[in-house]
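entry-v2.csv, holding CSV, C-alpha atoms:
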chain,number,residue,atom,x,y,z
A,10,MET,CA,0.0,0.0,0.0
A,11,SER,CA,1.3,3.4,-0.9
A,12,LYS,CA,2.4,5.7,1.9
A,13,VAL,CA,0.3,8.9,2.1
A,14,ARG,CA,0.9,12.1,4.1
A,15,GLN,CA,-1.2,15.2,4.3
A,16,LEU,CA,0.2,18.5,2.8
A,17,ALA,CA,0.1,21.9,4.5
A,18,GLY,CA,-2.6,23.9,2.8
A,19,GLY,CA,-4.5,20.9,1.6
A,20,GLY,CA,-3.7,18.0,-0.7
A,21,ARG,CA,-1.7,14.9,-0.1
A,22,ALA,CA,1.6,13.3,-1.0
A,23,VAL,CA,1.7,9.7,-2.2
A,24,GLU,CA,4.8,7.6,-2.4
A,25,VAL,CA,4.6,5.3,-5.5
A,26,ALA,CA,7.1,2.6,-6.5
A,27,PRO,CA,8.9,3.3,-9.7
A,28,GLY,CA,7.3,0.4,-11.5
A,29,ARG,CA,3.8,1.7,-10.7
A,30,VAL,CA,4.3,5.3,-11.7
A,31,ALA,CA,2.9,5.0,-15.2
A,32,GLY,CA,-0.2,3.2,-14.0
A,33,TRP,CA,-0.7,5.6,-11.1
A,34,PHE,CA,-0.9,8.6,-13.6
A,35,GLU,CA,-3.2,6.7,-15.9
A,36,ARG,CA,-5.6,6.1,-13.0
A,37,PHE,CA,-5.3,9.7,-11.8
A,38,ALA,CA,-6.2,11.0,-15.3
A,39,ALA,CA,-9.1,8.5,-15.6
A,40,SER,CA,-10.6,9.5,-12.3
A,41,HIS,CA,-10.5,13.2,-13.1
A,42,GLY,CA,-12.0,13.3,-16.5
A,43,GLY,CA,-8.7,12.9,-18.4
A,44,ALA,CA,-5.4,14.7,-18.5
A,45,ALA,CA,-5.5,18.2,-19.9
A,46,SER,CA,-1.8,18.9,-20.0
A,47,THR,CA,1.6,17.8,-18.7
A,48,LEU,CA,4.4,20.3,-18.0
A,49,VAL,CA,7.8,18.7,-18.0
A,50,GLU,CA,10.7,20.7,-16.5
A,51,PRO,CA,14.2,19.6,-15.4
A,52,ARG,CA,13.1,19.3,-11.8
A,53,THR,CA,9.3,19.2,-11.9
A,54,VAL,CA,6.6,17.3,-13.7
A,55,LEU,CA,3.1,18.7,-13.4
A,56,VAL,CA,0.0,16.9,-14.7
A,57,THR,CA,-3.2,19.0,-14.8
A,58,ALA,CA,-6.5,17.0,-15.1
A,59,THR,CA,-9.5,18.2,-17.0
A,60,ASP,CA,-11.4,18.9,-13.8
A,61,GLY,CA,-8.5,21.1,-12.4
A,62,ALA,CA,-6.9,18.5,-10.1
A,63,THR,CA,-3.1,18.4,-10.2
A,64,ALA,CA,-0.4,15.8,-9.6
A,65,THR,CA,3.2,17.2,-9.1
A,66,VAL,CA,6.5,15.4,-8.9
A,67,ARG,CA,9.6,17.0,-7.6
A,68,VAL,CA,11.9,14.9,-9.8
A,69,PRO,CA,14.2,12.7,-7.6
A,70,PHE,CA,17.8,12.0,-8.7
A,71,GLY,CA,17.2,14.8,-11.3
A,72,PRO,CA,17.3,16.6,-13.5
A,73,LEU,CA,15.2,15.1,-16.2
A,74,PRO,CA,16.9,15.2,-19.6
A,75,ALA,CA,15.5,17.3,-22.4
A,76,PRO,CA,13.2,17.8,-24.1
A,77,HIS,CA,11.2,19.9,-21.7
A,78,GLY,CA,8.0,21.9,-22.2
A,79,GLU,CA,4.2,21.7,-22.0
A,80,HIS,CA,2.3,19.0,-23.8
A,81,PRO,CA,-1.4,18.2,-24.3
A,82,GLY,CA,-2.6,15.1,-22.5
A,83,LEU,CA,-0.6,12.8,-20.3
A,84,VAL,CA,3.1,12.7,-21.2
A,85,VAL,CA,5.1,11.1,-18.3
A,86,SER,CA,7.3,8.6,-20.3
A,87,SER,CA,10.5,10.5,-19.6
A,88,LEU,CA,9.8,10.6,-15.9
A,89,VAL,CA,9.0,6.9,-15.8
A,90,GLU,CA,12.2,6.1,-17.6
A,91,HIS,CA,14.2,8.3,-15.3
A,92,VAL,CA,12.9,6.8,-12.1
A,93,SER,CA,13.3,3.3,-13.4
A,94,VAL,CA,17.0,3.5,-13.7
A,95,SER,CA,19.0,1.2,-11.4
A,96,ARG,CA,20.6,3.2,-8.6
A,97,ARG,CA,23.0,2.6,-5.7
A,98,ILE,CA,21.9,4.8,-2.8
A,99,GLY,CA,23.5,5.7,0.5
A,100,LEU,CA,21.0,5.9,3.4
A,101,VAL,CA,21.5,7.9,6.6
A,102,LEU,CA,18.7,7.6,9.2
A,103,VAL,CA,19.4,9.4,12.4
A,104,ARG,CA,17.4,10.3,15.5
A,105,LEU,CA,18.9,11.4,18.8
A,106,GLY,CA,20.0,8.1,20.5
A,107,ALA,CA,19.9,5.9,17.4
A,108,HIS,CA,21.2,5.6,13.8
A,109,SER,CA,21.0,3.2,10.9
A,110,ILE,CA,23.3,3.6,7.9
A,111,GLY,CA,23.4,1.6,4.7
A,112,VAL,CA,23.8,1.2,1.0
A,113,ALA,CA,20.9,0.0,-1.0
A,114,VAL,CA,20.5,-1.0,-4.7
A,115,ASP,CA,17.1,-0.7,-6.3
A,116,GLY,CA,15.4,-0.5,-2.9
A,117,VAL,CA,17.2,-3.5,-1.3
A,118,VAL,CA,19.8,-3.0,1.5
A,119,GLN,CA,23.2,-4.5,0.7
A,120,THR,CA,25.3,-3.3,3.6
A,121,SER,CA,24.3,-1.7,6.9
A,122,THR,CA,25.2,-0.7,10.4
A,123,THR,CA,22.8,0.2,13.2
A,124,ASP,CA,23.4,1.3,16.8
A,125,ARG,CA,21.6,2.9,19.8
A,126,HIS,CA,22.9,5.1,22.5
A,127,LEU,CA,21.3,6.1,25.8
A,128,VAL,CA,19.9,9.7,25.8
A,129,HIS,CA,17.7,10.5,28.7
A,130,GLY,CA,14.5,12.5,28.1
A,131,ARG,CA,14.0,16.0,29.4
A,132,ASN,CA,13.8,16.5,33.2
A,133,LYS,CA,11.0,18.7,34.5
A,134,ALA,CA,12.5,19.1,38.0
A,135,GLY,CA,14.0,22.4,38.9
A,136,GLY,CA,17.2,23.7,40.6
A,137,TRP,CA,20.6,22.2,40.6
A,138,SER,CA,19.2,18.7,39.8
A,139,GLN,CA,17.8,20.0,36.6
A,140,GLN,CA,21.0,21.6,35.6
A,141,ARG,CA,23.1,18.5,36.3
A,142,PHE,CA,20.6,16.4,34.3
A,143,ALA,CA,20.7,18.9,31.4
A,144,ARG,CA,24.5,18.7,31.3
A,145,ARG,CA,24.4,14.9,31.4
A,146,ARG,CA,21.8,14.8,28.6
A,147,GLU,CA,23.8,17.2,26.6
A,148,GLY,CA,26.9,15.0,26.9
A,149,GLN,CA,24.8,11.9,25.9
A,150,SER,CA,23.4,13.7,22.9
A,151,ALA,CA,26.9,14.8,21.8
A,152,ARG,CA,28.2,11.2,22.1
A,153,SER,CA,25.2,9.8,20.2
A,154,LEU,CA,25.7,12.3,17.3
A,155,ALA,CA,29.4,11.7,17.2
A,156,SER,CA,28.9,8.0,17.0
A,157,ALA,CA,26.4,8.5,14.1
A,158,ALA,CA,28.9,10.7,12.3
A,159,ASP,CA,31.6,8.1,12.7
A,160,ALA,CA,29.3,5.4,11.4
A,161,VAL,CA,28.5,7.5,8.3
A,162,ALA,CA,32.1,8.2,7.7
A,163,LYS,CA,33.1,4.5,8.0
A,164,ALA,CA,30.2,3.1,6.0
A,165,LEU,CA,29.8,5.6,3.2
A,166,LEU,CA,32.9,7.6,2.6
A,167,PRO,CA,34.9,4.6,1.2
A,168,VAL,CA,32.1,3.9,-1.3
A,169,ALA,CA,31.0,7.5,-2.0
A,170,ALA,CA,32.2,7.5,-5.6
A,171,GLU,CA,30.0,4.5,-6.2
A,172,LEU,CA,26.8,6.1,-4.9
A,173,ASP,CA,24.3,7.6,-7.3
A,174,ALA,CA,22.6,9.5,-4.5
A,175,LEU,CA,22.3,10.0,-0.7
A,176,VAL,CA,18.9,9.9,1.0
A,177,LEU,CA,18.4,11.1,4.6
A,178,GLY,CA,15.8,10.3,7.1
A,179,GLY,CA,14.9,11.1,10.7
A,180,ASP,CA,15.3,14.2,12.9
A,181,ARG,CA,16.4,17.3,10.9
A,182,GLN,CA,18.3,18.8,13.8
A,183,ALA,CA,20.3,15.6,14.2
A,184,LEU,CA,21.0,15.4,10.5
A,185,GLN,CA,22.1,19.0,10.5
A,186,ALA,CA,24.6,18.2,13.2
A,187,LEU,CA,26.0,15.5,11.0
A,188,ARG,CA,26.1,17.8,8.1
A,189,GLU,CA,28.4,20.2,10.0
A,190,ASP,CA,31.0,17.4,10.5
A,191,THR,CA,33.7,18.5,8.0
A,192,ARG,CA,34.3,14.8,7.0
A,193,LEU,CA,30.8,14.5,5.7
A,194,THR,CA,30.3,17.9,4.0
A,195,THR,CA,30.9,16.7,0.4
A,196,LEU,CA,28.8,13.6,0.9
A,197,PHE,CA,25.8,15.5,2.4
A,198,ASP,CA,26.0,18.1,-0.4
A,199,ARG,CA,24.7,15.3,-2.6
A,200,ALA,CA,21.7,14.5,-0.5
A,201,GLU,CA,18.2,14.5,-2.0
A,202,GLN,CA,16.0,17.3,-0.8
A,203,ARG,CA,13.3,15.0,0.5
A,204,VAL,CA,14.0,13.8,4.0
A,205,LEU,CA,12.2,10.6,5.0
A,206,ASP,CA,10.1,10.8,8.1
A,207,VAL,CA,11.0,7.7,10.1
A,208,PRO,CA,10.7,6.5,13.7
A,209,GLU,CA,13.7,5.4,15.8
A,210,PRO,CA,16.1,3.9,13.3
A,211,ARG,CA,16.4,0.1,13.3
A,212,ARG,CA,17.4,-2.4,10.7
A,213,ALA,CA,13.7,-3.0,9.8
A,214,ILE,CA,13.2,0.7,9.4
A,215,LEU,CA,16.3,0.9,7.2
A,216,ASP,CA,14.8,-1.8,4.9
A,217,GLU,CA,11.6,0.2,4.6
A,218,ALA,CA,13.5,3.4,4.0
A,219,ALA,CA,15.4,1.7,1.2
A,220,LYS,CA,12.2,1.1,-0.7
A,221,ARG,CA,10.8,4.5,0.1
A,222,ALA,CA,14.1,6.2,-1.1
A,223,VAL,CA,13.5,5.1,-4.7
A,224,ALA,CA,9.7,5.7,-4.6
A,225,VAL,CA,8.3,8.7,-6.4
A,226,GLU,CA,6.5,11.2,-4.2
A,227,ILE,CA,3.5,12.7,-6.0
A,228,GLU,CA,1.7,15.7,-4.6
A,229,VAL,CA,-2.0,15.6,-5.4
A,230,ARG,CA,-4.3,18.5,-5.1
A,231,ASP,CA,-8.0,18.3,-5.8
A,232,PRO,CA,-9.8,20.9,-7.8
A,233,GLN,CA,-10.9,24.0,-5.9

Mind converting the file's structure to structure tokens?
Amino acid sequence: MSKVRQLAGGGRAVEVAPGRVAGWFERFAASHGGAASTLVEPRTVLVTATDGATATVRVPFGPLPAPHGEHPGLVVSSLVEHVSVSRRIGLVLVRLGAHSIGVAVDGVVQTSTTDRHLVHGRNKAGGWSQQRFARRREGQSARSLASAADAVAKALLPVAAELDALVLGGDRQALQALREDTRLTTLFDRAEQRVLDVPEPRRAILDEAAKRAVAVEIEVRDPQ
């Protein structure tokens, strides 16, 4: 079943496996009275239905090759071909206290490393006790993030030249902390814009993320 999330301001985003993208757009068009037009740009594909509904793809692993432009009807063959290309992807899933790093080919994890670190929750007590607790938690957080950065460096830097892309997931603040590690700057500069929303990273979560990483996210907005 496709993963769906609600969009701010209305609409929804649907994750569709590469092999199902063509069929998904055909069903979208059929359910909205047909496709009126398709705008193909290097980083965006926009299909507008006859009734005004739209389906937008922020092209992953872009840009789309030429030709670009607006076409009558449903014209998504270049997108389908693009997302169907075999790719080796680095995966970095991080939340405070846990990380899972891996390399996946066509949605299947080939190598991985996963670890957890104790990071206490926030303490509501006051006074000196709260301050000591905060210092302890800060130290635990720093060690957790340092361990995650070391894991990324060990697992992905040696194979960075072989990766077609990097996909991130988890907590954005934790990911930003890793991005600031100078060892990882060049690697993180290659990261896809879409950040996967994942729970505490575990191997099973990494397996799911590998499939989601190659899926196409389509933003659907119904007619006004």

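Closest to Val89 of chain A among A:Ala219, A:Val56, A:Val30, A:Ala39 is A:Val30, based on all atoms listed in the file.
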
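Take the candidates A:Asp60, A:Ile110, A:Glu201, A:Thr122 and check each one against Pro72 of chain A using all atoms listed in the file; the shortest distance goes to A:Glu201.
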
(request) Choose the residue, out of A:Val68, A:Ile227, A:Leu193, A:Ala186, that has the smallest atom-to-atom separation from Ala169 of chain A; count all atoms listed in the file. (result) A:Leu193

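The two atoms in question, atom CA of Leu100 of chain A and atom CA of Ala222 of chain A, are spaced 8.2 Å apart.
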
(request) Write out as a PyMOL selection string each polymer residue whose atoms come within 6 Å of segment 172-183 of chain A, counting only C-alpha atoms; drop sequence neighbours fewer than 4 positions from it. (result) chain A and resi 96-104+200-201+204-207

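Ranking A:Ser109, A:Thr59, A:Ser46, A:Gln15 by their shortest atom-to-atom distance to Ser121 of chain A, with all atoms listed in the file included, puts A:Ser109 first.
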
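The coordinates place atom CA of Leu55 of chain A at 13.8 Å from atom CA of Trp33 of chain A.
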